[in-house]
Amino acid sequence: MKTFAEFGLEPKVLQAITELGFEESTPIQSKSIPIALTGSDLIGQAQTGTGKTAAFGIPLINKIPTSEDRIVALIMTPTRELAIQVSEEIGKLTRFKGLRSLAIYGGQEIGRQIRALKKRPQIIIGTPGRMLDHINRKTIRLDDVQTVVLDEADEMLDMGFMEDITSILSLIPENRQTMLFSATMPPNIQKLAQQFLKNPEHVSVIPKQVSVPLIDQAYIEVHERQKFDALSRLLDMESPELAIIFGRTKRRVDELSEALQKRGYTADGLHGDLSQNQRDAVMRKFRDGSIDVLVATDVAARGLDVSGVSHVINFDLPQDPESYVHRIGRTGRAGKEGTAWSFVTPRELDHLHFIEKVTRHRIPKKPLPSMAEAIEGKQRMTAERILELVSEDSINEYKGIAIQMLEQYDSVNLLAAAIKLLTGEKKDVSIELTPEDPIRAKKRRPDVRSNGRRFSSSSFGGNRSGGSGGSRGRSDSRGGYGSGRSSSSYGSGGGYNRDRDSQYKGKGEGRSDNTRRPRPSSDDFVNS
Ligand SMILES: Nc1ncnc2c1ncn2[C@@H]1O[C@H](COP(=O)(O)OP(=O)(O)OP(=O)(O)O)[C@@H](O)[C@H]1O
Ligand SMILES: [Mg+2]
């Protein structure tokens, strides 16, 4: 792999990269950065957790003169949490160069954003709804924008942001550079690309398997009513460093996080009906480790990069294979290993096979952890915690009482009681979750392969080489990814969207965060 020094970047940008601890560029970075530096439009696809943010961030930052005092770069993300995160990474990358960047997203007080905009940031990172809001208020002007990035471009389309994005892009000068990035590129991206990109270069570093091989995937077959016990056993057995548990709906997330808390886990929930302050607080707690289980809807499926996430658990299977890939991609990032478990009800086995087919990866079945395994796991964890403390000075003040107790009681009994207490077991708390309907396998359409040669019909195939308009077809893909029947049936036409919507009709409170809507009015309403 290339070192960053080989790209001819400004010393101050290079210094920031070194400070971040990046030694070599990742494949998507080494392919995208030189192209992006030429100013060419670009579509970049690479597996989750492989550094796409820096792949677009570095060239974007390198290009902006320090003296600039207009908004010259715009990065759009589908969720607020991702806008915040990307803006933090951009902030780190501009540290020595001293550019100003600002996150703009729904749910945050607009007055505060307007005040921050007066400091003349050069780079804006935000969700489309709130950006439009500022554009309409004339607090953001796009006349000078030279670089636009759509991070998780396919998700923004899927969430119904096409119209917002169209409005935003139509206000930006045509001689700009536009870049789209995601780990998945379904065919509907073609529409966006044809409309808004000029002879884009395709950079795809999707090898045979779109999901990251460092993620150990498995599924457990469970009945809906067994799911919670299965979850607590799994958590006890595996004792994750940090875990993200995905639930299908907001109601599910609320119930599940409450249930986990009742059973003694440090868990909290994240979904789009919480206030932005609540959402920020939950993310903060998860990032600093004061909670170790994050229960979330698909609002957390895309882009979030929290170090220490060792486990992803699909408490409910996601509707689409892309979502599966992105969800499990919250672990196994930046070369680290991770574990992803999915709960599948018997009626959802077909859907699981559909996900396997499209992602071209067989997901092995594992047995439900036994009670004994769960108990053993929990005891082992507690014993480890005790042993970590044993030689620390911080326990000195507890030694007095320990000696007193040992004079009266048997040491084994005492320690066993302490371990029981520490395992925090609250098995007697009864838990009731509202059952969710099983996910239905989607109807296959015989072939919806797009005829624009530059796009495969699969989200995962990326671009095959060839095609017109200056594409150099930089694809690393091996094999015929995206040309097979299974993936060709995986279109994203209107039928699919309607399907998804109708699933939640009349279930207001249980609604998915990710229910596709034809036309959001603001990101407050949609996703985020
Ligand atoms: N060259 C590098 N060397 C080491 N670590 C890196 C490098 N580039 C990025 N990283 C780190 O890898 C992690 C994942 O990066 P990033 O969030 O950009 O991935 P991504 O490809 O956008 O994933 P996703 O598809 O989930 O959005 C981050 O913590 C980032 O700091
Ligand atoms: Mg990303």
# chains A, B, ... in the order shown; residues from 1 in each chain; ligands from 1
call {"tool": "select_by_dssp", "arguments": {"residues": "range 136-190 of chain A", "states": "strand (DSSP E or B)", "output": "number ranges by chain"}}
result
A: 147-151, 177-182
call {"tool": "residues_around", "arguments": {"residues": "Glu337 in chain A", "least_positions_apart": "5", "cutoff": "7 Å", "atoms": "only C-alpha atoms", "output": "list of chain:residue names"}}
result
A:Leu214, A:Ile215, A:Gly332
call {"tool": "residues_near_ligand", "arguments": {"ligand": "ligand 1", "cutoff": "7 Å", "atoms": "only C-alpha atoms and all ligand atoms", "output": "list in words"}}
result
Gly21, Phe22, Glu23, Glu24, Ser25, Thr26, Ala46, Gln47, Thr48, Gly49, Thr50, Gly51, Lys52, Thr53, Ala54, Ser182, Ala183, Arg302, Gly303, Leu304, Asp305, Ser307, His326, Gly329, Arg330, Arg333 and Ala334 of chain A
call {"tool": "atom_distance", "arguments": {"atom1": "CA of His311 in chain A", "atom2": "CA of Arg385 in chain A"}}
result
19.6 Å
call {"tool": "atom_distance", "arguments": {"atom1": "CA of Asp143 in chain A", "atom2": "CA of Gln45 in chain A"}}
result
28.5 Å
call {"tool": "select_by_dssp", "arguments": {"residues": "range 189-415 of chain A", "states": "alpha helix (DSSP H)", "output": "NGL selection string"}}
result
:A and (189-196 or 227-238 or 250-262 or 276-287 or 321-328 or 349-359 or 371-389 or 399-408 or 411-415)
call {"tool": "atom_distance", "arguments": {"atom1": "CA of Pro186 in chain A", "atom2": "CA of Leu157 in chain A"}}
result
9.9 Å
call {"tool": "residues_around", "arguments": {"residues": "Asp229 in chain A", "least_positions_apart": "3", "cutoff": "10 Å", "atoms": "only C-alpha atoms", "output": "PyMOL selection string"}}
result
chain A and resi 222+225-226+232-235+368-369+371+427+431
call {"tool": "closest_residue", "arguments": {"among": "A:Ile375, A:Leu231, A:Val282, A:Val293", "to": "Trp341 in chain A", "atoms": "only C-alpha atoms"}}
result
A:Leu231
call {"tool": "closest_residue", "arguments": {"among": "A:Leu260, A:Leu274, A:Leu317, A:Ala55", "to": "ligand 2", "atoms": "only C-alpha atoms and all ligand atoms"}}
result
A:Ala55
call {"tool": "closest_residue", "arguments": {"among": "A:Asn62, A:Thr423, A:Ser101, A:Thr178", "to": "Arg263 in chain A", "atoms": "only C-alpha atoms"}}
result
A:Thr423
call {"tool": "residues_around", "arguments": {"residues": "Leu256 in chain A", "least_positions_apart": "2", "cutoff": "9 Å", "atoms": "only C-alpha atoms", "output": "list in words"}}
result
Phe228, Gly247, Arg251, Arg252, Val253, Asp254, Glu258, Ala259, Leu260, Gln261, Asp268, Gly269, Val295 and Leu433 of chain A
call {"tool": "residues_around", "arguments": {"residues": "Gln108 in chain A", "least_positions_apart": "5", "cutoff": "12 Å", "atoms": "only C-alpha atoms", "output": "PyMOL selection string"}}
result
chain A and resi 80-81+84+103+113-114+126-127+130+275-280+523-524+528
call {"tool": "closest_residue", "arguments": {"among": "A:Ile220, A:Gln29, A:Ser391, A:Thr266", "to": "Ser204 in chain A", "atoms": "only C-alpha atoms"}}
result
A:Gln29
call {"tool": "residues_around", "arguments": {"residues": "range 73-77 of chain A", "least_positions_apart": "3", "cutoff": "6 Å", "atoms": "only C-alpha atoms", "output": "list in words"}}
result
Ala83, Ile123, Ile124, Ile125, Gly126, Thr127, Val145, Gln146, Thr147, Val148, Val149, Leu150 and Asp151 of chain A
call {"tool": "closest_residue", "arguments": {"among": "A:Glu432, A:Asp216, A:Glu201, A:Glu19", "to": "Lys336 in chain A", "atoms": "only C-alpha atoms"}}
result
A:Asp216
call {"tool": "closest_residue", "arguments": {"among": "A:Gln190, A:Ser87, A:Asn413, A:Gln15", "to": "ligand 2", "atoms": "only C-alpha atoms and all ligand atoms"}}
result
A:Ser87
